[in-house]
>>> print(open('final.txt').read())   # compact mmCIF, C-alpha atoms
# COMPACT_ATOMS: atom_id res chain seq x y z
CA GLY A 1 13.14 -10.70 -5.25
CA ASP A 2 9.60 -9.80 -6.21
CA SER A 3 8.93 -6.52 -7.97
CA VAL A 4 6.11 -4.60 -9.60
CA THR A 5 6.49 -2.10 -12.44
CA GLN A 6 3.69 0.20 -13.50
CA MET A 7 3.48 3.00 -16.01
CA GLU A 8 4.53 6.38 -14.79
CA GLY A 9 2.01 9.16 -14.57
CA PRO A 10 0.40 11.42 -14.44
CA VAL A 11 -2.24 10.17 -16.82
CA THR A 12 -4.66 12.91 -17.85
CA LEU A 13 -7.95 11.97 -19.52
CA SER A 14 -11.21 13.62 -20.37
CA GLU A 15 -14.39 12.32 -18.77
CA GLU A 16 -15.78 9.19 -20.48
CA ALA A 17 -12.41 8.31 -22.01
CA PHE A 18 -11.02 4.76 -21.90
CA LEU A 19 -8.38 4.06 -19.27
CA THR A 20 -5.49 1.61 -19.28
CA ILE A 21 -2.77 1.58 -16.64
CA ASN A 22 -0.09 -1.00 -17.35
CA CYS A 23 1.35 -3.22 -14.65
CA THR A 24 3.90 -6.02 -14.94
CA TYR A 25 5.46 -8.09 -12.21
CA THR A 26 8.25 -10.50 -11.38
CA ALA A 27 7.80 -13.10 -8.69
CA THR A 28 9.42 -16.36 -7.72
CA GLY A 29 6.18 -18.08 -6.79
CA TYR A 30 2.52 -17.77 -7.73
CA PRO A 31 1.47 -14.39 -6.42
CA SER A 32 -1.91 -12.85 -5.89
CA LEU A 33 -2.28 -9.52 -7.68
CA PHE A 34 -4.04 -6.37 -6.56
CA TRP A 35 -4.96 -2.86 -7.55
CA TYR A 36 -5.22 -0.33 -4.75
CA VAL A 37 -6.56 3.21 -5.09
CA GLN A 38 -5.59 6.22 -3.00
CA TYR A 39 -7.90 9.22 -3.11
CA PRO A 40 -6.46 12.60 -2.07
CA GLY A 41 -5.74 12.75 1.66
CA GLU A 42 -6.81 9.16 2.28
CA GLY A 43 -5.21 5.78 2.79
CA LEU A 44 -5.09 2.97 0.28
CA GLN A 45 -8.25 1.07 -0.53
CA LEU A 46 -8.39 -2.29 -2.23
CA LEU A 47 -9.96 -1.82 -5.67
CA LEU A 48 -9.78 -5.35 -7.04
CA LYS A 49 -7.76 -8.52 -6.88
CA ALA A 50 -7.03 -11.78 -8.69
CA THR A 51 -5.51 -14.83 -7.08
CA LYS A 52 -4.63 -17.10 -10.01
CA ALA A 53 -3.86 -17.05 -13.70
CA ASP A 54 -6.69 -15.93 -16.02
CA ASP A 55 -8.76 -14.63 -13.10
CA LYS A 56 -10.42 -11.30 -13.77
CA GLY A 57 -10.88 -8.89 -10.88
CA SER A 58 -13.53 -6.20 -11.22
CA ASN A 59 -15.06 -3.42 -9.14
CA LYS A 60 -16.70 -0.03 -9.77
CA GLY A 61 -16.32 -0.46 -13.55
CA PHE A 62 -12.60 -1.22 -13.29
CA GLU A 63 -11.22 -4.59 -14.29
CA ALA A 64 -7.89 -6.36 -14.62
CA THR A 65 -6.98 -9.85 -15.82
CA TYR A 66 -4.15 -11.92 -14.36
CA ARG A 67 -1.98 -12.85 -17.35
CA LYS A 68 0.70 -15.31 -16.30
CA GLU A 69 2.18 -15.66 -19.79
CA THR A 70 2.95 -11.93 -19.97
CA THR A 71 3.27 -11.43 -16.18
CA SER A 72 0.85 -8.55 -16.42
CA PHE A 73 -2.19 -7.20 -14.59
CA HIS A 74 -3.27 -4.11 -16.53
CA LEU A 75 -6.06 -1.97 -15.10
CA GLU A 76 -8.84 -0.86 -17.47
CA LYS A 77 -12.04 1.14 -17.32
CA GLY A 78 -14.28 1.85 -20.26
CA SER A 79 -15.47 5.31 -19.25
CA VAL A 80 -13.71 7.28 -16.53
CA GLN A 81 -15.33 9.90 -14.33
CA VAL A 82 -13.91 12.94 -12.56
CA SER A 83 -14.40 11.04 -9.29
CA ASP A 84 -11.89 8.42 -10.49
CA SER A 85 -9.07 10.94 -10.10
CA ALA A 86 -6.66 9.29 -7.68
CA VAL A 87 -3.37 7.42 -7.45
CA TYR A 88 -3.53 3.76 -8.46
CA PHE A 89 -1.09 1.17 -7.14
CA CYS A 90 -0.48 -2.28 -8.54
CA ALA A 91 0.72 -4.78 -5.94
CA LEU A 92 1.42 -8.43 -5.42
CA SER A 93 1.45 -10.77 -2.46
CA ASP A 94 3.56 -13.89 -2.71
CA ILE A 95 2.76 -16.71 -0.33
CA ASN A 96 6.48 -17.47 -0.27
CA ASN A 97 7.14 -14.12 1.37
CA ALA A 98 7.21 -14.16 5.14
CA GLY A 99 4.26 -12.27 6.58
CA ASN A 100 2.29 -12.22 3.31
CA MET A 101 3.47 -8.68 2.73
CA LEU A 102 2.49 -6.62 -0.29
CA THR A 103 5.04 -5.47 -2.86
CA PHE A 104 3.92 -2.26 -4.55
CA GLY A 105 4.57 -0.54 -7.82
CA GLY A 106 5.41 3.16 -7.83
CA GLY A 107 1.84 4.31 -8.35
CA THR A 108 0.16 6.07 -11.27
CA ARG A 109 -1.67 9.34 -10.77
CA LEU A 110 -4.85 9.64 -12.83
CA MET A 111 -6.43 13.03 -13.44
CA VAL A 112 -9.82 13.13 -15.14
CA LYS A 113 -11.00 16.47 -16.52
CA PRO A 114 -14.67 17.31 -17.05
CA ASN B 1 -15.99 -0.80 12.81
CA ALA B 2 -13.19 1.75 12.91
CA GLY B 3 -10.80 -0.51 10.96
CA VAL B 4 -7.22 0.75 11.22
CA THR B 5 -6.65 3.98 13.15
CA GLN B 6 -3.38 5.91 12.96
CA THR B 7 -2.28 8.88 15.01
CA PRO B 8 -1.09 11.56 14.58
CA LYS B 9 -2.14 12.55 11.07
CA PHE B 10 0.57 15.18 10.80
CA ARG B 11 3.76 15.87 12.73
CA ILE B 12 6.83 18.03 12.30
CA LEU B 13 10.00 16.90 14.08
CA LYS B 14 13.41 18.41 14.53
CA ILE B 15 16.48 16.36 13.65
CA GLY B 16 17.37 14.07 16.55
CA GLN B 17 13.94 14.10 18.18
CA SER B 18 12.02 10.91 18.93
CA MET B 19 8.41 10.04 18.44
CA THR B 20 5.99 7.15 18.19
CA LEU B 21 3.37 6.65 15.49
CA GLN B 22 0.38 4.82 16.89
CA CYS B 23 -1.63 2.18 15.04
CA THR B 24 -4.68 0.33 16.32
CA GLN B 25 -6.96 -2.14 14.59
CA ASP B 26 -10.25 -3.57 15.78
CA MET B 27 -10.58 -6.47 13.34
CA ASN B 28 -8.66 -9.02 15.44
CA HIS B 29 -6.12 -9.46 12.65
CA ASN B 30 -2.87 -11.25 13.42
CA TYR B 31 -0.91 -9.61 10.60
CA MET B 32 0.04 -5.95 10.89
CA TYR B 33 2.43 -3.84 8.80
CA TRP B 34 4.13 -0.47 8.64
CA TYR B 35 4.90 1.03 5.24
CA ARG B 36 6.40 4.32 4.18
CA GLN B 37 5.47 6.15 1.00
CA ASP B 38 7.95 8.58 -0.47
CA PRO B 39 6.91 11.08 -3.17
CA GLY B 40 6.42 9.39 -6.53
CA MET B 41 7.31 6.02 -5.08
CA GLY B 42 5.39 2.97 -4.09
CA LEU B 43 5.06 1.82 -0.52
CA LYS B 44 8.03 0.14 1.11
CA LEU B 45 7.67 -2.20 4.06
CA ILE B 46 9.40 -1.09 7.26
CA TYR B 47 8.35 -3.76 9.78
CA TYR B 48 5.65 -6.34 10.10
CA SER B 49 4.14 -8.56 12.76
CA VAL B 50 2.42 -11.92 12.47
CA GLY B 51 0.97 -11.80 15.97
CA ALA B 52 1.36 -10.40 19.45
CA GLY B 53 4.96 -10.64 20.58
CA ILE B 54 6.31 -11.37 17.08
CA THR B 55 7.85 -8.74 14.81
CA ASP B 56 10.26 -8.80 11.89
CA LYS B 57 12.09 -6.41 9.60
CA GLY B 58 10.85 -5.44 6.21
CA GLU B 59 12.71 -3.80 3.35
CA VAL B 60 13.66 -0.50 5.05
CA PRO B 61 13.86 -1.02 8.86
CA ASN B 62 16.88 1.17 9.69
CA GLY B 63 16.05 4.01 12.06
CA TYR B 64 12.81 2.44 13.29
CA ASN B 65 11.63 0.11 16.01
CA VAL B 66 8.34 -1.64 16.65
CA SER B 67 6.64 -3.63 19.35
CA ARG B 68 3.49 -5.76 19.43
CA SER B 69 2.34 -6.32 22.98
CA THR B 70 -1.32 -6.78 22.00
CA THR B 71 -3.19 -7.94 18.92
CA GLU B 72 -4.73 -4.50 18.48
CA ASP B 73 -1.70 -2.19 18.70
CA PHE B 74 1.43 -1.92 16.57
CA PRO B 75 3.33 1.32 17.33
CA LEU B 76 6.27 2.50 15.22
CA ARG B 77 9.09 4.27 17.02
CA LEU B 78 11.58 6.73 15.52
CA GLU B 79 14.46 7.18 17.96
CA LEU B 80 16.63 9.84 16.29
CA ALA B 81 14.69 11.51 13.53
CA ALA B 82 16.57 12.29 10.31
CA PRO B 83 15.47 14.24 7.21
CA SER B 84 15.50 10.98 5.25
CA GLN B 85 12.56 9.84 7.38
CA THR B 86 10.33 12.57 5.99
CA SER B 87 7.55 10.52 4.45
CA VAL B 88 3.96 9.39 4.74
CA TYR B 89 3.59 6.35 6.94
CA PHE B 90 0.81 3.80 6.54
CA CYS B 91 -0.17 1.11 8.96
CA ALA B 92 -2.08 -1.89 7.64
CA SER B 93 -3.60 -5.03 9.07
CA GLY B 94 -4.91 -8.09 7.33
CA GLU B 95 -5.31 -11.78 7.29
CA GLY B 96 -3.58 -13.67 4.54
CA ILE B 97 -3.52 -11.80 1.28
CA ARG B 98 -5.79 -8.89 2.13
CA ALA B 99 -4.83 -5.73 3.95
CA THR B 100 -6.78 -2.80 5.34
CA PHE B 101 -4.87 0.46 5.47
CA GLY B 102 -5.03 3.37 7.84
CA ALA B 103 -5.37 6.93 6.55
CA GLY B 104 -1.66 7.66 6.95
CA SER B 105 0.60 9.83 9.09
CA ARG B 106 2.57 12.59 7.35
CA LEU B 107 5.90 13.17 9.08
CA THR B 108 8.30 15.99 8.26
CA VAL B 109 11.79 16.12 9.78
CA LEU B 110 13.51 19.50 9.62
>>> encode(input="final.txt", output="structure tokens")
Amino acid sequence: GDSVTQMEGPVTLSEEAFLTINCTYTATGYPSLFWYVQYPGEGLQLLLKATKADDKGSNKGFEATYRKETTSFHLEKGSVQVSDSAVYFCALSDINNAGNMLTFGGGTRLMVKP
Amino acid sequence: NAGVTQTPKFRILKIGQSMTLQCTQDMNHNYMYWYRQDPGMGLKLIYYSVGAGITDKGEVPNGYNVSRSTTEDFPLRLELAAPSQTSVYFCASGEGIRATFGAGSRLTVL
């Protein structure tokens, strides 16, 4: 079945540092890929998405490129802020899955220190 | 728009008790989902629905039941609570490949 693997956290960075959170996937079809963010005490919010190979999703300074050859969707940001502290989830949705459900990675906690 | 509303936000249950987690969406979405999030883990799908009157099991359905009598509501029922059901529960709705999540319901079974 489909699966998503992302780097374990926590990741601790200083403000303005460069961020990379690795995400790789396995899927039988041609999935859409997502990054969700969960701020403390809140639900998940869609951060960005990409629906086909070589697409780049971007939002709020974050970006990720759908790499079919390496089955990866790594999240990057050039300069993190304290307000970026949250848990980040990589996910996929495979049209072959009944109900278009999302398959999630385990989440990566990011802590940004001033 | 309120989006996806879940109640209650927090609940403590004793082993063997029953309860229902409520979920309501006002976006007229056909697809609705219930996930659970265990500490340090990703979200796992419990049940989903593709429209009123239609539900199906996800990855971890044991110990839960759902119903979908209207487009707006998708309650999750725990009949005999067990400590293994201690988790944070998220309801989501969405069309196609997008999903909007509720704020979550934290359930503790003691």
>>> residues_near_point(input="final.txt", point="(1.4, -2.7, 18.3)", cutoff="10 Å", atoms="all atoms listed in the file", output="ChimeraX atom specification")
/B:21-25,32-33,48-49,51-53,55,66-76
>>> residues_near_point(input="final.txt", point="(-15.2, -0.4, -13.3)", cutoff="9 Å", atoms="all atoms listed in the file", output="JSON, numbers by chain")
{"A": [58, 59, 60, 61, 62, 63, 76, 77, 78, 79, 80]}
>>> residues_around(input="final.txt", residues="Ala103 (chain B)", least_positions_apart="3", cutoff="7 Å", atoms="all atoms listed in the file", output="VMD selection string")
(chain A and resid 42 to 43) or (chain B and resid 6 90)
>>> closest_atom_pairs(input="final.txt", of="chain A", to="chain B", cutoff="10 Å", atoms="only C-alpha atoms", output="Markdown table")
| residue | atom | partner | partner_atom | distance |
| --- | --- | --- | --- | --- |
| A:Val4 | CA | B:Gly42 | CA | 9.4 |
| A:Thr5 | CA | B:Gly42 | CA | 9.8 |
| A:Gln6 | CA | B:Gly42 | CA | 10.0 |
| A:Glu8 | CA | B:Gly40 | CA | 9.0 |
| A:Gly9 | CA | B:Gly40 | CA | 9.2 |
| A:Pro31 | CA | B:Ile97 | CA | 9.5 |
| A:Ser32 | CA | B:Ile97 | CA | 7.4 |
| A:Leu33 | CA | B:Ile97 | CA | 9.3 |
| A:Phe34 | CA | B:Arg98 | CA | 9.2 |
| A:Gln38 | CA | B:Ala103 | CA | 9.6 |
| A:Gly41 | CA | B:Ala103 | CA | 7.6 |
| A:Glu42 | CA | B:Ala103 | CA | 5.0 |
| A:Gly43 | CA | B:Ala103 | CA | 3.9 |
| A:Leu44 | CA | B:Phe101 | CA | 5.8 |
| A:Gln45 | CA | B:Phe101 | CA | 6.9 |
| A:Leu46 | CA | B:Thr100 | CA | 7.8 |
| A:Lys49 | CA | B:Arg98 | CA | 9.2 |
| A:Thr51 | CA | B:Ile97 | CA | 9.1 |
| A:Tyr88 | CA | B:Gly42 | CA | 10.0 |
| A:Phe89 | CA | B:Gly42 | CA | 7.4 |
| A:Cys90 | CA | B:Gly42 | CA | 9.0 |
| A:Ala91 | CA | B:Gly42 | CA | 9.2 |
| A:Leu92 | CA | B:Ile97 | CA | 9.0 |
| A:Ser93 | CA | B:Ile97 | CA | 6.3 |
| A:Asp94 | CA | B:Ile97 | CA | 8.4 |
| A:Ile95 | CA | B:Ile97 | CA | 8.1 |
| A:Ala98 | CA | B:Val50 | CA | 9.0 |
| A:Gly99 | CA | B:Val50 | CA | 6.2 |
| A:Asn100 | CA | B:Ile97 | CA | 6.2 |
| A:Met101 | CA | B:Ile97 | CA | 7.8 |
| A:Leu102 | CA | B:Leu45 | CA | 8.1 |
| A:Thr103 | CA | B:Lys44 | CA | 7.5 |
| A:Phe104 | CA | B:Gly42 | CA | 5.5 |
| A:Gly105 | CA | B:Gly42 | CA | 5.2 |
| A:Gly106 | CA | B:Gly42 | CA | 3.7 |
| A:Gly107 | CA | B:Gly42 | CA | 5.7 |
| A:Thr108 | CA | B:Gly40 | CA | 8.5 |
| A:Arg109 | CA | B:Gly40 | CA | 9.1 |
>>> closest_residue(input="final.txt", among="B:Leu80, B:Lys57, B:Thr20, B:Thr86", to="Thr7 (chain B)", atoms="all atoms listed in the file")
B:Thr20
>>> decode(input="final.txt", residues="region 23-54 of chain B", atoms="N, CA, C and O atoms", output="short mmCIF file (atom, residue, chain, number, x, y, z; two decimals), in the first residue's frame")
data_model
loop_
_atom_site.label_atom_id
_atom_site.label_comp_id
_atom_site.auth_asym_id
_atom_site.auth_seq_id
_atom_site.Cartn_x
_atom_site.Cartn_y
_atom_site.Cartn_z
N CYS B 23 -19.00 16.01 14.52
CA CYS B 23 -18.30 16.74 13.45
C CYS B 23 -19.33 17.31 12.49
O CYS B 23 -20.20 16.57 12.01
N THR B 24 -19.22 18.60 12.23
CA THR B 24 -20.13 19.28 11.32
C THR B 24 -19.34 20.16 10.37
O THR B 24 -18.42 20.86 10.80
N GLN B 25 -19.72 20.12 9.10
CA GLN B 25 -19.08 21.00 8.12
C GLN B 25 -20.14 21.78 7.36
O GLN B 25 -21.25 21.27 7.11
N ASP B 26 -19.78 23.00 6.98
CA ASP B 26 -20.75 23.87 6.31
C ASP B 26 -20.31 24.22 4.90
O ASP B 26 -20.70 25.25 4.35
N MET B 27 -19.50 23.36 4.31
CA MET B 27 -18.96 23.63 2.97
C MET B 27 -19.64 22.77 1.90
O MET B 27 -19.20 22.77 0.75
N ASN B 28 -20.64 22.01 2.30
CA ASN B 28 -21.39 21.15 1.37
C ASN B 28 -20.49 20.11 0.69
O ASN B 28 -20.73 19.73 -0.46
N HIS B 29 -19.46 19.65 1.44
CA HIS B 29 -18.57 18.64 0.89
C HIS B 29 -19.22 17.27 0.95
O HIS B 29 -19.88 16.92 1.93
N ASN B 30 -18.99 16.45 -0.04
CA ASN B 30 -19.46 15.06 0.02
C ASN B 30 -18.52 14.19 0.86
O ASN B 30 -18.95 13.33 1.60
N TYR B 31 -17.20 14.42 0.72
CA TYR B 31 -16.25 13.58 1.41
C TYR B 31 -16.02 14.07 2.84
O TYR B 31 -15.77 15.25 3.07
N MET B 32 -16.10 13.14 3.78
CA MET B 32 -15.74 13.44 5.17
C MET B 32 -14.94 12.27 5.74
O MET B 32 -15.10 11.12 5.30
N TYR B 33 -14.07 12.59 6.73
CA TYR B 33 -13.12 11.61 7.24
C TYR B 33 -12.96 11.77 8.76
O TYR B 33 -13.07 12.87 9.28
N TRP B 34 -12.64 10.66 9.40
CA TRP B 34 -12.18 10.69 10.79
C TRP B 34 -10.79 10.05 10.85
O TRP B 34 -10.58 8.94 10.37
N TYR B 35 -9.86 10.82 11.45
CA TYR B 35 -8.50 10.34 11.67
C TYR B 35 -8.22 10.34 13.17
O TYR B 35 -8.79 11.12 13.93
N ARG B 36 -7.26 9.52 13.57
CA ARG B 36 -6.71 9.61 14.91
C ARG B 36 -5.22 9.87 14.82
O ARG B 36 -4.55 9.39 13.89
N GLN B 37 -4.72 10.63 15.77
CA GLN B 37 -3.31 11.00 15.82
C GLN B 37 -2.74 10.59 17.16
O GLN B 37 -3.07 11.17 18.19
N ASP B 38 -1.87 9.60 17.13
CA ASP B 38 -1.22 9.14 18.35
C ASP B 38 0.12 9.87 18.51
O ASP B 38 0.71 10.29 17.51
N PRO B 39 0.61 10.00 19.73
CA PRO B 39 1.84 10.77 19.96
C PRO B 39 2.99 10.31 19.08
O PRO B 39 3.30 9.13 19.02
N GLY B 40 3.61 11.26 18.39
CA GLY B 40 4.76 10.96 17.55
C GLY B 40 4.42 10.22 16.27
O GLY B 40 5.33 9.81 15.53
N MET B 41 3.14 10.07 16.01
CA MET B 41 2.73 9.32 14.82
C MET B 41 1.96 10.23 13.87
O MET B 41 1.44 11.27 14.26
N GLY B 42 1.87 9.79 12.65
CA GLY B 42 1.03 10.51 11.70
C GLY B 42 -0.42 10.18 11.95
O GLY B 42 -0.77 9.44 12.86
N LEU B 43 -1.27 10.74 11.14
CA LEU B 43 -2.71 10.50 11.28
C LEU B 43 -3.08 9.19 10.58
O LEU B 43 -2.59 8.90 9.49
N LYS B 44 -3.95 8.44 11.22
CA LYS B 44 -4.43 7.20 10.62
C LYS B 44 -5.94 7.30 10.42
O LYS B 44 -6.67 7.75 11.30
N LEU B 45 -6.40 6.84 9.29
CA LEU B 45 -7.80 6.96 8.92
C LEU B 45 -8.64 5.92 9.63
O LEU B 45 -8.34 4.72 9.58
N ILE B 46 -9.70 6.36 10.28
CA ILE B 46 -10.60 5.44 11.00
C ILE B 46 -11.76 5.04 10.10
O ILE B 46 -11.99 3.86 9.85
N TYR B 47 -12.52 6.02 9.66
CA TYR B 47 -13.66 5.83 8.76
C TYR B 47 -13.72 7.01 7.80
O TYR B 47 -13.23 8.09 8.10
N TYR B 48 -14.40 6.79 6.69
CA TYR B 48 -14.66 7.89 5.79
C TYR B 48 -16.05 7.73 5.17
O TYR B 48 -16.68 6.68 5.27
N SER B 49 -16.49 8.83 4.55
CA SER B 49 -17.81 8.82 3.91
C SER B 49 -17.72 9.61 2.61
O SER B 49 -17.10 10.68 2.58
N VAL B 50 -18.32 9.08 1.57
CA VAL B 50 -18.29 9.77 0.28
C VAL B 50 -19.61 10.48 0.00
O VAL B 50 -19.80 11.04 -1.08
N GLY B 51 -20.53 10.43 0.96
CA GLY B 51 -21.80 11.13 0.82
C GLY B 51 -22.79 10.64 1.86
O GLY B 51 -22.54 9.63 2.53
N ALA B 52 -23.88 11.35 1.98
CA ALA B 52 -24.90 10.97 2.96
C ALA B 52 -25.35 9.54 2.71
O ALA B 52 -25.63 9.15 1.57
N GLY B 53 -25.37 8.76 3.79
CA GLY B 53 -25.80 7.38 3.71
C GLY B 53 -24.73 6.38 3.32
O GLY B 53 -24.98 5.17 3.28
N ILE B 54 -23.51 6.87 3.04
CA ILE B 54 -22.43 5.99 2.57
C ILE B 54 -21.21 6.16 3.46
O ILE B 54 -20.67 7.26 3.57
#
